[in-house]
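Colleague: Okay, handing you the structure first.
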Amino acid sequence: MKKSTSESVQKGESGAKKSREQSTISKLYLILYNGGQTVGWSYILFLLISYYTINKSNATLWEYLGVPLLIFQNGAVLEIVHAAIGIVRSNVMITTFQVFSRVMVVCGVLLATPTAIYSPGLPLALLAWSITEIIRYGFYVLNIVKHVPHFVTFLRYTTFIVLYPIGVTGELLCFYWAQSYAKENTIWTLEMPNAVNATFNYFYFLWMIMLAYIPLFPMMYMHMVSQRKKVLGGGLKCKSS
C-alpha cells in the first residue's frame, strides 16, 4: 500500500514537473513570437512613414514594403494554431476571422491583382494594422512576463475605437480596387465544363467577402467594446499606473 502511494506521488510530481517544463517552453516561444511580431510591425510602420517622407525611389508602396508585410501578416496564421492547441486563451473562430480577413487582403487582393496596390485604402490599412499590432503584440509580451504598465493596457483596449474602422475602410477599398480587375481578367476563376464539375468565380467571391463585413464588423467591434469594459470599465480616462 505504501509502495503504491509512493509511486502515485512520484507520478504526480513527474507530471507536475513535465507540465511546468511545457509551460516554460510555451512562454519562451510566445515571448519570441510576439516579440518578433512587435519588431516586424514596427519595421513596417517605419517603412510606411519613410515612404511618404524620406523615400526618393519610384517604387510603389507595395514594392517598398510588400515583402515584410507578407512575412509578418502571414505569420499571424500561427495565432490560429496557438488558439486551437490551447497555448493561448483565445476564441478560435474570432481569431480565424481576424487573421483570415487580413491574409485575404494581402495574398488574395494585393498579391493577386495589380490594381489593388494603387488603392488609397492600402496606406490606411497599413497605418491601422501596424499601430494596432505593435500595441497588441507588445502587450502580449509584457503580459507573459507579468509587467504591463497601465498605459499599455489602456492603449490595447482603446485605440481600436479609431483604428479598427480605419483599418476596415482601408481593407474594403483594397477589395474594391481589386474586384474590377478580377472581373475583367477572370483570375482564379473556374468555369464549366471542367474535370471537377464545379464552378468558382473570384469576382463574386470578393464581393461576398466585402458584403460579409456588413454583419461581421459590428459584431467584432462590439466584442472588442465588451472586452474593453471588462478590463477598463466604460470610461475613456487613462488612470496613472
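Simple scheme: letters A, B, ... for chains in C-alpha cells order, numbers from 1 for residues in each chain, numbers from 1 for ligands in the order shown.
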Write out as a list of chain:residue names which residues come within 8 Å of Glu191 of chain A when counting only C-alpha atoms, dropping same-chain ones fewer than 5 positions away.

Modeller: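 Final neighbour list, sorted by chain and number: A:Ala198, A:Thr199, A:Phe200, A:Asn201.
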
Colleague: If we count only C-alpha atoms, what is near Val81 of chain A at a cut-off of 10 Å, once residues fewer than 6 positions away on the same chain are taken out, given as a list in words?

Modeller: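 So, after excluding close chain neighbours, the residues are Ile87, Val88, Val92, Thr95 and Thr96 of chain A.
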
Colleague: If you keep C-alpha atoms, can you produce a file of those selected residues as a compact mmCIF listing (two decimals), in the first residue's frame?

Modeller:
```
# COMPACT_ATOMS: atom_id res chain seq x y z
CA ILE A 87 -1.31 27.64 -25.51
CA VAL A 88 -3.25 30.93 -25.55
CA VAL A 92 -10.54 30.08 -32.33
CA THR A 95 -9.06 34.63 -34.21
CA THR A 96 -9.60 32.84 -37.53
```

Colleague: Would you work out the distance separating atom CA of Leu111 of chain A from atom CA of Leu206 of chain A, expressed in Å to one decimal?

Modeller: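 Computing the Euclidean distance for atom CA of Leu111 of chain A and atom CA of Leu206 of chain A yields 14.0 Å.
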
Colleague: Could you pull the residues within 12 Å of Tyr140 of chain A, counting only C-alpha atoms, minus those fewer than 4 positions along the same chain, as a ChimeraX atom specification?

Modeller: /A:27,30-38,88-89,133-136,144-149,152-153,156

Colleague: Using DSSP on the backbone, list every residue of chain A that comes out as helix (DSSP H, G or I), and give them as an MDAnalysis selection string.

Modeller: chainID A and resid 2:53 61:74 77:85 92:110 116:118 121:144 150:156 160:185 202:232

Colleague: I need the residue nearest Tyr29 of chain A from this list: A:Leu61, A:Thr189, A:Ile117, A:His82. Use only C-alpha atoms for the distance.

Modeller: A:His82

Colleague: Neighbouring residues of Val162 of chain A were defined as those with any atom within 12 Å, considering only C-alpha atoms; residues of the same chain fewer than 2 positions away were excluded. Please report them as a list in words.

Modeller: Leu124, Leu127, Ala128, Trp129, Ile131, Thr132, Leu155, Tyr157, Thr158, Thr159, Phe160, Tyr164, Pro165, Ile166, Gly167, Val168, Thr169, Tyr221 and Val225 of chain A

Colleague: Between A:Gly66, A:Ser23, A:Ala112, A:Glu79, which is the closest to Phe97 of chain A once you count only C-alpha atoms?

Modeller: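 The answer is A:Glu79, which sits nearest to Phe97 of chain A.
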
Colleague: Would you list the contacts of segment 208-219 of chain A as number ranges by chain, taking every protein, DNA or RNA residue within 9 Å and counting only C-alpha atoms, but skipping same-chain residues closer than 2 positions in sequence?

Modeller: A: 101, 165, 168, 172, 175-176, 203-206, 221-224

Colleague: Emit the selected residues as a PDB file, in the first residue's frame, including N, CA and C atoms.

Modeller:
```pdb
ATOM      1  N   SER A 101      -9.166  37.697 -42.618  1.00  0.00           N
ATOM      2  CA  SER A 101      -9.536  38.911 -43.341  1.00  0.00           C
ATOM      3  C   SER A 101      -8.301  39.659 -43.828  1.00  0.00           C
ATOM      4  N   PRO A 165     -12.102  50.952 -37.358  1.00  0.00           N
ATOM      5  CA  PRO A 165     -12.853  51.461 -38.529  1.00  0.00           C
ATOM      6  C   PRO A 165     -11.941  51.934 -39.660  1.00  0.00           C
ATOM      7  N   VAL A 168     -10.661  48.714 -41.413  1.00  0.00           N
ATOM      8  CA  VAL A 168     -11.721  48.077 -42.200  1.00  0.00           C
ATOM      9  C   VAL A 168     -12.006  48.889 -43.465  1.00  0.00           C
ATOM     10  N   LEU A 172     -11.604  47.378 -47.255  1.00  0.00           N
ATOM     11  CA  LEU A 172     -12.696  47.374 -48.226  1.00  0.00           C
ATOM     12  C   LEU A 172     -12.321  48.142 -49.495  1.00  0.00           C
ATOM     13  N   PHE A 175     -10.228  45.828 -51.541  1.00  0.00           N
ATOM     14  CA  PHE A 175     -11.109  44.857 -52.201  1.00  0.00           C
ATOM     15  C   PHE A 175     -11.784  45.493 -53.416  1.00  0.00           C
ATOM     16  N   TYR A 176     -12.268  46.713 -53.241  1.00  0.00           N
ATOM     17  CA  TYR A 176     -12.988  47.362 -54.332  1.00  0.00           C
ATOM     18  C   TYR A 176     -12.065  47.632 -55.519  1.00  0.00           C
ATOM     19  N   PHE A 203     -14.454  37.003 -58.832  1.00  0.00           N
ATOM     20  CA  PHE A 203     -15.080  38.320 -58.754  1.00  0.00           C
ATOM     21  C   PHE A 203     -16.237  38.295 -57.751  1.00  0.00           C
ATOM     22  N   TYR A 204     -17.109  37.303 -57.849  1.00  0.00           N
ATOM     23  CA  TYR A 204     -18.230  37.185 -56.918  1.00  0.00           C
ATOM     24  C   TYR A 204     -17.754  36.843 -55.509  1.00  0.00           C
ATOM     25  N   PHE A 205     -16.674  36.089 -55.437  1.00  0.00           N
ATOM     26  CA  PHE A 205     -16.106  35.720 -54.138  1.00  0.00           C
ATOM     27  C   PHE A 205     -15.633  36.968 -53.392  1.00  0.00           C
ATOM     28  N   LEU A 206     -14.970  37.884 -54.120  1.00  0.00           N
ATOM     29  CA  LEU A 206     -14.522  39.130 -53.496  1.00  0.00           C
ATOM     30  C   LEU A 206     -15.713  39.939 -52.980  1.00  0.00           C
ATOM     31  N   TYR A 221     -16.647  44.524 -33.591  1.00  0.00           N
ATOM     32  CA  TYR A 221     -16.424  45.795 -32.895  1.00  0.00           C
ATOM     33  C   TYR A 221     -17.041  45.753 -31.501  1.00  0.00           C
ATOM     34  N   MET A 222     -18.253  45.247 -31.400  1.00  0.00           N
ATOM     35  CA  MET A 222     -18.920  45.173 -30.104  1.00  0.00           C
ATOM     36  C   MET A 222     -18.246  44.157 -29.184  1.00  0.00           C
ATOM     37  N   HIS A 223     -17.672  43.119 -29.779  1.00  0.00           N
ATOM     38  CA  HIS A 223     -16.896  42.167 -28.971  1.00  0.00           C
ATOM     39  C   HIS A 223     -15.715  42.878 -28.327  1.00  0.00           C
ATOM     40  N   MET A 224     -15.053  43.744 -29.087  1.00  0.00           N
ATOM     41  CA  MET A 224     -13.912  44.481 -28.559  1.00  0.00           C
ATOM     42  C   MET A 224     -14.354  45.509 -27.522  1.00  0.00           C
TER      43      MET A 224
END
```

Colleague: Using only C-alpha atoms, find the one residue out of A:Gly75, A:Pro120, A:Gly86, A:Pro114 that sits nearest to Phe100 of chain A.

Modeller: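 Counting only C-alpha atoms, the residue closest to Phe100 of chain A is A:Gly75.
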
Colleague: Rank nothing, just name the residue among A:Ala116, A:Ile54, A:Thr60, A:Val77 nearest to Tyr181 of chain A, using only C-alpha atoms.

Modeller: A:Ala116
